[in-house]
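Each remark here refers to the structure printed beneath this line.
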Amino acid sequence: MRAITVRDREAGITGLTLEDLPHPHAAENDVIVRVHAAGFTRGELDWPATWTDRAGRDRTPSVPGHEVSGVVAELGYGTTGLTVGQRVFGPTDWARDGSLAEYVAVEARNLAPLPADVDHTVAAALPISGLTAWQGLFDHARLTTGQTVLIHGAAGGVGSIAVQLAHEVGARVVGTGRSADRDTVLDLGAHAFLDLEADRWEDTGQVDVVFDVIGGDILDRSAALVRPGGTLVSIAHQPTVRPDDGQAVFFVVEPGRVRLADLARRLRDGRLRVRVGAVRSLADAAAAFASRERVPGRTIIRVAED
């Protein structure tokens with residue numbers, strides 16, 4: 001099969017290559033997915049799991065990309081809950097070969113059925129962003145109706161979904177970003193927008209939850225915006241400043257079939273929008289990885305047609 005691979009950690013993005021690899025093996029409780037569309041994270045070549053397995057052994061050449069939408073082509077021994085020919089989507093394991101390939105082996109529990117009327121390119125943009133947004137807001141911050149949440153990077157992959165989910169639950173939403181993002185963020189359902197470069201942060205007032213995707217000084221300054229007893233949640237790194245009488249949480253997203261299926265229903269019903277900015281071919285995946293062009297939405301790699 002054809003796949004995008006990396007072999008040299010020092011080469012980074014310049015080491016991405018399209019080559020032929022053996023067809024993946026379906027271990028116990030795995031499925032082999034014929035990839036129709038794949039999502040990737042630009043920083044994943046810096047992740048240790050891209051280069052070594054869970055035992056610390058070198059696993060190159062490794063295939064990046066950890067979001068997949070496609071069709072089940074093969075079931076591993078003991079796999080239940082999915083069938084050959086079924087449309088599925090979900091995240092792939094961080095420490096195994098990913099989705100920038102014609103086929104990928106995935107634990108069945110990571111995948112959810114994909115409705116027939118949801119396009120693979122849209123579905124491939126949802127797993128990590130959607131699960132991260134849900135888990136950050138509701139599993140870790142316990143956001144509820146009537147509370148106020150400030151969401152950093154509200155026009156991005158995670159932030160745009162978090163804005164919509166928080167709005168739907170009845171929270172007051174303050175989205176942040178660059179000035180060019182204002183209309184997009186308000187259109188997604190935010191009640192107010194904070195330009196991180198031009199507006200006074202203090203004018204937003206205190207909030208119950210801050211959901212951070214940026215880290216650094218943005219994360220540190222955000223602690224002061226959280227009212228006593230509130231929660232500061234980050235996916236960038238462990239917060240070094242804690243809100244008064246509150247909690248600071250760092251987390252890494254976990255797979256979840258039930259929640260993925262729920263997000264897919266929202267997508268199908270029009271209650272959730274996923275921003276896909278560009279669709280590239282597998283042959284163009286290395287260039288898409290290396291691009292620094294600011295695209296309004298996720299870049300998705302189309303591997304096979306329906």
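Following the order of the structure tokens, first chain is A, next is B, and so on, with residues numbered from 1 inside each chain and ligands from 1 in the order they appear.
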
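Considering only region 84-195 of chain A, backbone DSSP assigns strand (DSSP E) to Arg87, Val88, Phe89, Gly90, Pro91, Tyr103, Val104, Ala105, Val106, Glu107, Ala112, Pro113, Thr148, Val149, Leu150, Ile151, Arg172, Val173, Val174, Gly175, Thr176, Gly177, Ala192, Phe193, Leu194 and Asp195 of chain A.
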
So which bits of region 97-304 of chain A end up alpha helix (DSSP H) when you DSSP the backbone, as a PyMOL selection string?
chain A and resi 120-123+127-134+157-169+182-188+216-222+257-269+285-290

For region 96-113 of chain A, please output as a ChimeraX atom specification all residues within 7 Å (counting only C-alpha atoms; exclusion window: fewer than 4 positions along the same chain).
/A:1-4,24-26,29-35,38,62-68,79,87-92,255-257,260-261,282,303

I need the residues from that last selection saved to file as a CSV table (one decimal), in the first residue's frame (with C-alpha atoms), if you can.
```csv
chain,number,residue,atom,x,y,z
A,1,MET,CA,0.0,0.0,0.0
A,2,ARG,CA,1.0,3.6,-0.4
A,3,ALA,CA,1.7,5.6,2.8
A,4,ILE,CA,3.4,8.8,4.0
A,24,PRO,CA,-1.0,-3.7,8.0
A,25,HIS,CA,-1.8,-6.7,10.2
A,26,ALA,CA,-5.0,-6.8,12.2
A,29,ASN,CA,-9.6,-6.6,18.6
A,30,ASP,CA,-8.3,-4.5,15.6
A,31,VAL,CA,-9.9,-3.6,12.4
A,32,ILE,CA,-8.2,-2.7,9.1
A,33,VAL,CA,-9.8,0.4,7.7
A,34,ARG,CA,-9.5,1.4,4.0
A,35,VAL,CA,-8.8,5.0,4.4
A,38,ALA,CA,-7.3,11.4,7.1
A,62,SER,CA,6.3,5.4,11.0
A,63,VAL,CA,3.1,6.7,9.4
A,64,PRO,CA,1.7,10.0,10.8
A,65,GLY,CA,-1.9,11.1,10.9
A,66,HIS,CA,-4.2,10.1,13.8
A,67,GLU,CA,-7.7,10.8,12.5
A,68,VAL,CA,-9.4,8.5,10.0
A,79,THR,CA,-13.3,-8.0,17.1
A,87,ARG,CA,-18.3,3.2,7.3
A,88,VAL,CA,-16.4,4.3,10.4
A,89,PHE,CA,-14.4,7.1,11.8
A,90,GLY,CA,-12.3,7.9,14.8
A,91,PRO,CA,-8.8,8.5,16.2
A,92,THR,CA,-5.9,6.1,15.7
A,255,PRO,CA,-10.9,7.7,22.5
A,256,GLY,CA,-14.6,7.0,23.0
A,257,ARG,CA,-17.0,5.3,20.6
A,260,LEU,CA,-18.0,9.9,18.7
A,261,ALA,CA,-21.3,8.5,17.7
A,282,LEU,CA,-2.1,11.7,-0.3
A,303,VAL,CA,-6.9,9.1,0.2
```

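Of the listed residues A:Val295, A:Thr240, A:Gly136, A:Pro22, the one whose atoms come nearest to Val276 (chain A) is A:Val295, with distances taken using only C-alpha atoms.
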
At a cut-off of 10 Å, using only C-alpha atoms, what residues contact Gly156 (chain A)? Leave out same-chain residues fewer than 6 positions from it and give the result as an MDAnalysis selection string.
chainID A and resid 129 162 177 181 185 213 274:275 295:298

Shell of 9 Å around Ile13 (chain A), only C-alpha atoms, local chain residues under 2 positions omitted, as a PyMOL selection string
chain A and resi 6+9+11+15-16+45+286-287+289-290

Which residues, written as an mmCIF file with C-alpha atoms, in the first residue's frame, have at least one atom at most 8 Å from Thr60 (chain A), with only C-alpha atoms counted and residues fewer than 6 positions away on the same chain left out?
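Contents of out_39.cif, freshly written:
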```cif
data_model
loop_
_atom_site.group_PDB
_atom_site.id
_atom_site.type_symbol
_atom_site.label_atom_id
_atom_site.label_comp_id
_atom_site.auth_asym_id
_atom_site.auth_seq_id
_atom_site.Cartn_x
_atom_site.Cartn_y
_atom_site.Cartn_z
ATOM 1 C CA VAL A 6 9.034 9.419 8.420
ATOM 2 C CA ARG A 7 12.347 7.740 9.208
ATOM 3 C CA TRP A 51 9.304 7.574 16.869
ATOM 4 C CA THR A 52 9.078 4.897 19.546
#
```

Using only C-alpha atoms, find the one residue out of A:Leu143, A:Ala155, A:Ala171, A:Ala190 that sits nearest to Thr231 (chain A).
A:Leu143
